[in-house]
Amino acid sequence: MYLSSVSSRLLLYDTNNWELKYCHGKSDGIIRDVSWSDDSKYILLVNPKGTAEILSPASHNLVLQHIPIDDSCAACFQRDGHRNIAVGTIKGEVIIWDAKNKEKTKIFPTLPSYAAVDFLSFNAKNTNLAASMQNGDTVIYGLVSNIPISTVKLNCSKSISAMKFHHEARSLLGLATDEGHVILKDVSVNKDKVTFENSHASPVSDFVYSLINRDVMLSCGLDKNLQVYDIKQRNVVSTLKTPHALTSLAINAENQVALGTQKGYVLLYDLRDLTTPLKILKGHNNKVKKVAFQPPRKKFMSPELSLVDKLDTISPNIESPIQNNSLDMLFTCNTPPNRSEPPARDVEDSFLFKMGMEDKSNEELESNHNRSSLETYRKSDRNEFRLHQLDIEKSAIDDNKNCFLHIMMALTKQKLYLEKQLSQMSNQLLRLEENQNELVEINRKLALEIDQLKSRHTSF
């Protein structure tokens with residue numbers, strides 16, 4: 001697994017030992033955008049010149065494809081795949097690119113009040129695409145109707161600093177602003193669901209959703225703070241104060257948090273213990289534009305052929321033996337194709353039949369063939385059973401791991417909540433102690449004034 005961080009170059013770190021494995025790009029400008037495909041195979045990058053590139057860590061050349069769309073600002077893969085890519089441009093254009101056929105498949109109509117596209121995000125079911133513009137508007141495009149279906153406007157701000165759909169709730173869209181707000185909107189009804197006003201004292205640079213608990217969200221800002229939210233309870237669970245202005249944020253399934261900084265560092269924390277960083281990576285000389293963890297590998301119902309395999313298997317000099325057939329590996333009719341059979345032998349004319357040995361020989365051959373077929377079938381059944389058992393065991397292990405991580409996340413959440421309550425109680429005790437000291441001082445002064453009055457009374 002890798003952690004990617006971009007500034008003027010793309011750096012890939014191995015998450016097992018945090019060693020630098022790959023370096024891509026030149027120091028001629030800040031990379032505009034970077035993201036991973038959900039199947040964890042490819043990286044999508046928009047270089048400083050405004051060209052989107054598809055990269056593969058498994059490839060020696062690293063760059064697999066250049067997307068010929070000028071002045072690109074943002075780009076992202078579709079959910080659960082890598083074939084369709086959304087690209088946004090400086091002119092406000094939003095285009096869907098087919099990475100397999102290398103062509104534009106959808107060009108959405110540009111709005112009259114267009115502006116440069118800053119952020120793009122597919123929803124969980126690939127039915128909607130959100131595009132945030134520099135003028136503060138976020139346009140929701142329908143991927144079935146291929147038209148803009150709504151425009152999200154914020155009353156509290158006209159400057160969007162981060163935007164992304166929730167990875168599970170398909171209508172939940174998160175927006176962050178330069179004023180320090182984080183808003184979650186239900187785009188199906190275009191209403192605010194949760195609003196965290198002034199959660200940061202300066203612009204919010206990035207936010208992410210937890211992969212373990214769908215109700216947990218994190219945000220970072222230029223105020224050097226990391227905030228942990230409980231969406232369901234609508235409150236801030238914990239706050240981490242760092243010594244650096246934070247520019248980007250990422251989290252993985254192991255609750256490891258990566259924070260990009262203004263000075264080019266990448267801070268790594270464990271969400272279960274935010275007291276000290278696990279590691280500080282110092283590979284960049286400029287501010288870290290974005291950090292992203294490689295997603296865990298998933299098994300999809302209809303897996304796509306990798307782009308590397310497509311490039312290797314498609315050759316203009318080799319023709320397919322079956323042409324104009326969309327059902328590969330399947331028969332085109334209800335019955336299998338006829339196979340040529342050897343001509344029937346006249347058994348009665350054979351020498352073995354006349355000697356009375358033909359029937360026995362055929363029976364033995366048939367019996368041996370049946371036994372061999374049965375044994376092969378049994379072996380195949382045993383192998384399939386073993387594979388099925390292995391799949392069941394692996395699925396059980398994955399379920400147990402997810403359950404354990406969920407429990408750990410819940411315990412961490414409870415721990416952070418109790419720590420916050422304990423901190424509040426400690427502050428209250430300090431205030432009570434201060435009030436008590438003030439009362440003691442007031443009593444002392446009153447006793448002194450009483451003594452002075454008594455001494456005056458006796459003198460008279």
# chains A, B, ... in the order shown; residues from 1 in each chain; ligands from 1
call {"tool": "select_by_dssp", "arguments": {"residues": "stretch 119-206 of chain A", "states": "strand (DSSP E or B)", "output": "ChimeraX atom specification"}}
result
/A:119-122,128-133,138-142,147-152,160-165,172-177,182-186,191-196,204-206
call {"tool": "atom_distance", "arguments": {"atom1": "atom CA of A:Leu240", "atom2": "atom CA of A:Arg431"}}
result
23.8 Å
call {"tool": "residues_around", "arguments": {"residues": "A:His66", "least_positions_apart": "4", "cutoff": "10 Å", "atoms": "only C-alpha atoms", "output": "list in words"}}
result
Leu45, Val46, Thr51, Ala52, Glu53, Ile54, Leu55, Ala99 and Lys102 of chain A
call {"tool": "residues_around", "arguments": {"residues": "A:Arg272", "least_positions_apart": "2", "cutoff": "8 Å", "atoms": "only C-alpha atoms", "output": "PyMOL selection string"}}
result
chain A and resi 255+270+274+409+412
call {"tool": "residues_around", "arguments": {"residues": "A:Ser40", "least_positions_apart": "6", "cutoff": "10 Å", "atoms": "only C-alpha atoms", "output": "list in words"}}
result
Met1, Tyr2, Ser56, Pro57, Asp80, Gly81, His82, Phe293, Gln294, Pro295, Pro296, Arg297 and Lys298 of chain A
call {"tool": "residues_around", "arguments": {"residues": "A:Ala292", "least_positions_apart": "6", "cutoff": "6 Å", "atoms": "only C-alpha atoms", "output": "list in words"}}
result
Leu3, Ser4 and Ala250 of chain A
call {"tool": "write_last_selection", "arguments": {"atoms": "all heavy atoms", "output": "short mmCIF file (atom, residue, chain, number, x, y, z; two decimals), in the first residue's frame"}}
result
data_model
loop_
_atom_site.label_atom_id
_atom_site.label_comp_id
_atom_site.auth_asym_id
_atom_site.auth_seq_id
_atom_site.Cartn_x
_atom_site.Cartn_y
_atom_site.Cartn_z
N LEU A 3 1.18 5.70 0.16
CA LEU A 3 0.67 7.04 0.47
C LEU A 3 1.24 7.98 -0.58
O LEU A 3 2.46 8.03 -0.78
CB LEU A 3 1.10 7.48 1.86
CG LEU A 3 0.91 8.97 2.18
CD1 LEU A 3 -0.58 9.30 2.26
CD2 LEU A 3 1.62 9.35 3.47
N SER A 4 0.37 8.70 -1.26
CA SER A 4 0.82 9.66 -2.26
C SER A 4 0.70 11.07 -1.70
O SER A 4 -0.27 11.40 -1.02
CB SER A 4 -0.02 9.54 -3.54
OG SER A 4 -1.39 9.83 -3.28
N ALA A 250 -5.83 13.07 4.71
CA ALA A 250 -6.23 11.75 4.20
C ALA A 250 -6.28 10.78 5.36
O ALA A 250 -5.57 10.96 6.37
CB ALA A 250 -5.27 11.24 3.13
#
call {"tool": "closest_atom_pairs", "arguments": {"of": "stretch 209-269 of chain A", "to": "stretch 158-170 of chain A", "cutoff": "9 Å", "atoms": "only C-alpha atoms", "output": "Markdown table"}}
result
| residue | atom | partner | partner_atom | distance |
| --- | --- | --- | --- | --- |
| A:Tyr209 | CA | A:His166 | CA | 6.9 |
| A:Leu211 | CA | A:His167 | CA | 8.3 |
| A:Arg214 | CA | A:Glu168 | CA | 7.4 |
call {"tool": "closest_residue", "arguments": {"among": "A:Leu10, A:Val228, A:Glu19, A:Val63", "to": "A:Ile280", "atoms": "only C-alpha atoms"}}
result
A:Glu19
call {"tool": "closest_residue", "arguments": {"among": "A:Gln65, A:Ser171, A:Glu449, A:His284", "to": "A:Asn101", "atoms": "only C-alpha atoms"}}
result
A:Gln65
call {"tool": "closest_residue", "arguments": {"among": "A:Ala447, A:Gly283, A:Lys290, A:Ile407", "to": "A:Tyr13", "atoms": "only C-alpha atoms"}}
result
A:Gly283
call {"tool": "decode", "arguments": {"residues": "stretch 109-141 of chain A", "atoms": "N, CA, C and O atoms", "output": "PDB file, in the first residue's frame"}}
result
ATOM      1  N   PRO A 109     -23.218  20.604 -20.705  1.00  0.00           N
ATOM      2  CA  PRO A 109     -23.373  22.000 -21.140  1.00  0.00           C
ATOM      3  C   PRO A 109     -22.806  22.971 -20.119  1.00  0.00           C
ATOM      4  O   PRO A 109     -23.021  22.825 -18.915  1.00  0.00           O
ATOM      5  N   THR A 110     -22.073  23.960 -20.603  1.00  0.00           N
ATOM      6  CA  THR A 110     -21.471  24.966 -19.729  1.00  0.00           C
ATOM      7  C   THR A 110     -22.526  25.974 -19.312  1.00  0.00           C
ATOM      8  O   THR A 110     -23.309  26.459 -20.131  1.00  0.00           O
ATOM      9  N   LEU A 111     -22.561  26.293 -18.014  1.00  0.00           N
ATOM     10  CA  LEU A 111     -23.554  27.225 -17.501  1.00  0.00           C
ATOM     11  C   LEU A 111     -23.217  28.658 -17.912  1.00  0.00           C
ATOM     12  O   LEU A 111     -22.047  28.988 -18.177  1.00  0.00           O
ATOM     13  N   PRO A 112     -24.220  29.540 -17.986  1.00  0.00           N
ATOM     14  CA  PRO A 112     -23.962  30.937 -18.388  1.00  0.00           C
ATOM     15  C   PRO A 112     -22.965  31.642 -17.468  1.00  0.00           C
ATOM     16  O   PRO A 112     -22.092  32.372 -17.932  1.00  0.00           O
ATOM     17  N   SER A 113     -23.113  31.415 -16.153  1.00  0.00           N
ATOM     18  CA  SER A 113     -22.183  32.036 -15.193  1.00  0.00           C
ATOM     19  C   SER A 113     -21.071  31.054 -14.860  1.00  0.00           C
ATOM     20  O   SER A 113     -20.898  30.650 -13.711  1.00  0.00           O
ATOM     21  N   TYR A 114     -20.335  30.659 -15.867  1.00  0.00           N
ATOM     22  CA  TYR A 114     -19.325  29.626 -15.650  1.00  0.00           C
ATOM     23  C   TYR A 114     -18.093  30.218 -14.969  1.00  0.00           C
ATOM     24  O   TYR A 114     -17.817  31.415 -15.028  1.00  0.00           O
ATOM     25  N   ALA A 115     -17.349  29.343 -14.317  1.00  0.00           N
ATOM     26  CA  ALA A 115     -16.069  29.684 -13.702  1.00  0.00           C
ATOM     27  C   ALA A 115     -15.215  28.427 -13.708  1.00  0.00           C
ATOM     28  O   ALA A 115     -15.686  27.338 -14.040  1.00  0.00           O
ATOM     29  N   ALA A 116     -13.962  28.569 -13.351  1.00  0.00           N
ATOM     30  CA  ALA A 116     -13.062  27.419 -13.349  1.00  0.00           C
ATOM     31  C   ALA A 116     -13.542  26.362 -12.362  1.00  0.00           C
ATOM     32  O   ALA A 116     -14.065  26.673 -11.289  1.00  0.00           O
ATOM     33  N   VAL A 117     -13.353  25.103 -12.729  1.00  0.00           N
ATOM     34  CA  VAL A 117     -13.759  23.986 -11.882  1.00  0.00           C
ATOM     35  C   VAL A 117     -12.626  23.684 -10.895  1.00  0.00           C
ATOM     36  O   VAL A 117     -11.503  23.384 -11.302  1.00  0.00           O
ATOM     37  N   ASP A 118     -12.934  23.776  -9.600  1.00  0.00           N
ATOM     38  CA  ASP A 118     -11.921  23.522  -8.571  1.00  0.00           C
ATOM     39  C   ASP A 118     -11.941  22.082  -8.068  1.00  0.00           C
ATOM     40  O   ASP A 118     -10.894  21.509  -7.776  1.00  0.00           O
ATOM     41  N   PHE A 119     -13.157  21.501  -7.926  1.00  0.00           N
ATOM     42  CA  PHE A 119     -13.279  20.170  -7.336  1.00  0.00           C
ATOM     43  C   PHE A 119     -14.329  19.359  -8.087  1.00  0.00           C
ATOM     44  O   PHE A 119     -15.338  19.912  -8.550  1.00  0.00           O
ATOM     45  N   LEU A 120     -14.095  18.044  -8.184  1.00  0.00           N
ATOM     46  CA  LEU A 120     -15.035  17.112  -8.798  1.00  0.00           C
ATOM     47  C   LEU A 120     -15.197  15.903  -7.898  1.00  0.00           C
ATOM     48  O   LEU A 120     -14.230  15.468  -7.253  1.00  0.00           O
ATOM     49  N   SER A 121     -16.416  15.338  -7.871  1.00  0.00           N
ATOM     50  CA  SER A 121     -16.653  14.160  -7.037  1.00  0.00           C
ATOM     51  C   SER A 121     -17.878  13.403  -7.532  1.00  0.00           C
ATOM     52  O   SER A 121     -18.937  14.003  -7.749  1.00  0.00           O
ATOM     53  N   PHE A 122     -17.720  12.078  -7.748  1.00  0.00           N
ATOM     54  CA  PHE A 122     -18.850  11.198  -8.041  1.00  0.00           C
ATOM     55  C   PHE A 122     -19.512  10.785  -6.727  1.00  0.00           C
ATOM     56  O   PHE A 122     -18.836  10.634  -5.696  1.00  0.00           O
ATOM     57  N   ASN A 123     -20.833  10.578  -6.771  1.00  0.00           N
ATOM     58  CA  ASN A 123     -21.495  10.066  -5.571  1.00  0.00           C
ATOM     59  C   ASN A 123     -21.308   8.557  -5.481  1.00  0.00           C
ATOM     60  O   ASN A 123     -20.707   7.918  -6.354  1.00  0.00           O
ATOM     61  N   ALA A 124     -21.838   7.952  -4.410  1.00  0.00           N
ATOM     62  CA  ALA A 124     -21.544   6.550  -4.106  1.00  0.00           C
ATOM     63  C   ALA A 124     -22.048   5.592  -5.170  1.00  0.00           C
ATOM     64  O   ALA A 124     -21.486   4.517  -5.353  1.00  0.00           O
ATOM     65  N   LYS A 125     -23.117   5.931  -5.894  1.00  0.00           N
ATOM     66  CA  LYS A 125     -23.713   5.032  -6.873  1.00  0.00           C
ATOM     67  C   LYS A 125     -23.434   5.440  -8.317  1.00  0.00           C
ATOM     68  O   LYS A 125     -24.016   4.876  -9.247  1.00  0.00           O
ATOM     69  N   ASN A 126     -22.562   6.424  -8.512  1.00  0.00           N
ATOM     70  CA  ASN A 126     -22.229   6.903  -9.864  1.00  0.00           C
ATOM     71  C   ASN A 126     -23.452   7.403 -10.630  1.00  0.00           C
ATOM     72  O   ASN A 126     -23.532   7.278 -11.853  1.00  0.00           O
ATOM     73  N   THR A 127     -24.414   7.964  -9.904  1.00  0.00           N
ATOM     74  CA  THR A 127     -25.592   8.541 -10.558  1.00  0.00           C
ATOM     75  C   THR A 127     -25.483  10.055 -10.694  1.00  0.00           C
ATOM     76  O   THR A 127     -26.125  10.635 -11.571  1.00  0.00           O
ATOM     77  N   ASN A 128     -24.669  10.688  -9.836  1.00  0.00           N
ATOM     78  CA  ASN A 128     -24.493  12.136  -9.871  1.00  0.00           C
ATOM     79  C   ASN A 128     -23.017  12.486  -9.851  1.00  0.00           C
ATOM     80  O   ASN A 128     -22.189  11.729  -9.309  1.00  0.00           O
ATOM     81  N   LEU A 129     -22.710  13.630 -10.413  1.00  0.00           N
ATOM     82  CA  LEU A 129     -21.359  14.188 -10.387  1.00  0.00           C
ATOM     83  C   LEU A 129     -21.447  15.630  -9.918  1.00  0.00           C
ATOM     84  O   LEU A 129     -22.221  16.415 -10.468  1.00  0.00           O
ATOM     85  N   ALA A 130     -20.676  15.975  -8.891  1.00  0.00           N
ATOM     86  CA  ALA A 130     -20.665  17.336  -8.357  1.00  0.00           C
ATOM     87  C   ALA A 130     -19.410  18.052  -8.828  1.00  0.00           C
ATOM     88  O   ALA A 130     -18.316  17.485  -8.842  1.00  0.00           O
ATOM     89  N   ALA A 131     -19.582  19.323  -9.220  1.00  0.00           N
ATOM     90  CA  ALA A 131     -18.468  20.158  -9.671  1.00  0.00           C
ATOM     91  C   ALA A 131     -18.558  21.502  -8.961  1.00  0.00           C
ATOM     92  O   ALA A 131     -19.531  22.243  -9.143  1.00  0.00           O
ATOM     93  N   SER A 132     -17.546  21.828  -8.146  1.00  0.00           N
ATOM     94  CA  SER A 132     -17.498  23.110  -7.441  1.00  0.00           C
ATOM     95  C   SER A 132     -16.692  24.105  -8.266  1.00  0.00           C
ATOM     96  O   SER A 132     -15.568  23.816  -8.693  1.00  0.00           O
ATOM     97  N   MET A 133     -17.275  25.284  -8.477  1.00  0.00           N
ATOM     98  CA  MET A 133     -16.651  26.320  -9.290  1.00  0.00           C
ATOM     99  C   MET A 133     -15.995  27.379  -8.401  1.00  0.00           C
ATOM    100  O   MET A 133     -16.277  27.472  -7.205  1.00  0.00           O
ATOM    101  N   GLN A 134     -15.154  28.191  -9.008  1.00  0.00           N
ATOM    102  CA  GLN A 134     -14.469  29.246  -8.261  1.00  0.00           C
ATOM    103  C   GLN A 134     -15.407  30.353  -7.802  1.00  0.00           C
ATOM    104  O   GLN A 134     -15.063  31.104  -6.883  1.00  0.00           O
ATOM    105  N   ASN A 135     -16.594  30.470  -8.408  1.00  0.00           N
ATOM    106  CA  ASN A 135     -17.540  31.494  -7.980  1.00  0.00           C
ATOM    107  C   ASN A 135     -18.371  31.064  -6.779  1.00  0.00           C
ATOM    108  O   ASN A 135     -19.264  31.789  -6.340  1.00  0.00           O
ATOM    109  N   GLY A 136     -18.110  29.862  -6.214  1.00  0.00           N
ATOM    110  CA  GLY A 136     -18.817  29.410  -5.031  1.00  0.00           C
ATOM    111  C   GLY A 136     -19.996  28.504  -5.306  1.00  0.00           C
ATOM    112  O   GLY A 136     -20.573  27.964  -4.366  1.00  0.00           O
ATOM    113  N   ASP A 137     -20.374  28.317  -6.570  1.00  0.00           N
ATOM    114  CA  ASP A 137     -21.484  27.427  -6.916  1.00  0.00           C
ATOM    115  C   ASP A 137     -20.987  25.993  -7.070  1.00  0.00           C
ATOM    116  O   ASP A 137     -19.873  25.762  -7.553  1.00  0.00           O
ATOM    117  N   THR A 138     -21.823  25.055  -6.672  1.00  0.00           N
ATOM    118  CA  THR A 138     -21.555  23.636  -6.875  1.00  0.00           C
ATOM    119  C   THR A 138     -22.691  23.070  -7.717  1.00  0.00           C
ATOM    120  O   THR A 138     -23.842  23.063  -7.281  1.00  0.00           O
ATOM    121  N   VAL A 139     -22.356  22.608  -8.909  1.00  0.00           N
ATOM    122  CA  VAL A 139     -23.355  22.104  -9.851  1.00  0.00           C
ATOM    123  C   VAL A 139     -23.424  20.587  -9.738  1.00  0.00           C
ATOM    124  O   VAL A 139     -22.388  19.908  -9.738  1.00  0.00           O
ATOM    125  N   ILE A 140     -24.647  20.061  -9.646  1.00  0.00           N
ATOM    126  CA  ILE A 140     -24.881  18.621  -9.587  1.00  0.00           C
ATOM    127  C   ILE A 140     -25.358  18.171 -10.966  1.00  0.00           C
ATOM    128  O   ILE A 140     -26.417  18.611 -11.436  1.00  0.00           O
ATOM    129  N   TYR A 141     -24.579  17.316 -11.626  1.00  0.00           N
ATOM    130  CA  TYR A 141     -24.928  16.801 -12.946  1.00  0.00           C
ATOM    131  C   TYR A 141     -25.520  15.396 -12.805  1.00  0.00           C
ATOM    132  O   TYR A 141     -25.023  14.581 -12.019  1.00  0.00           O
TER     133      TYR A 141
END
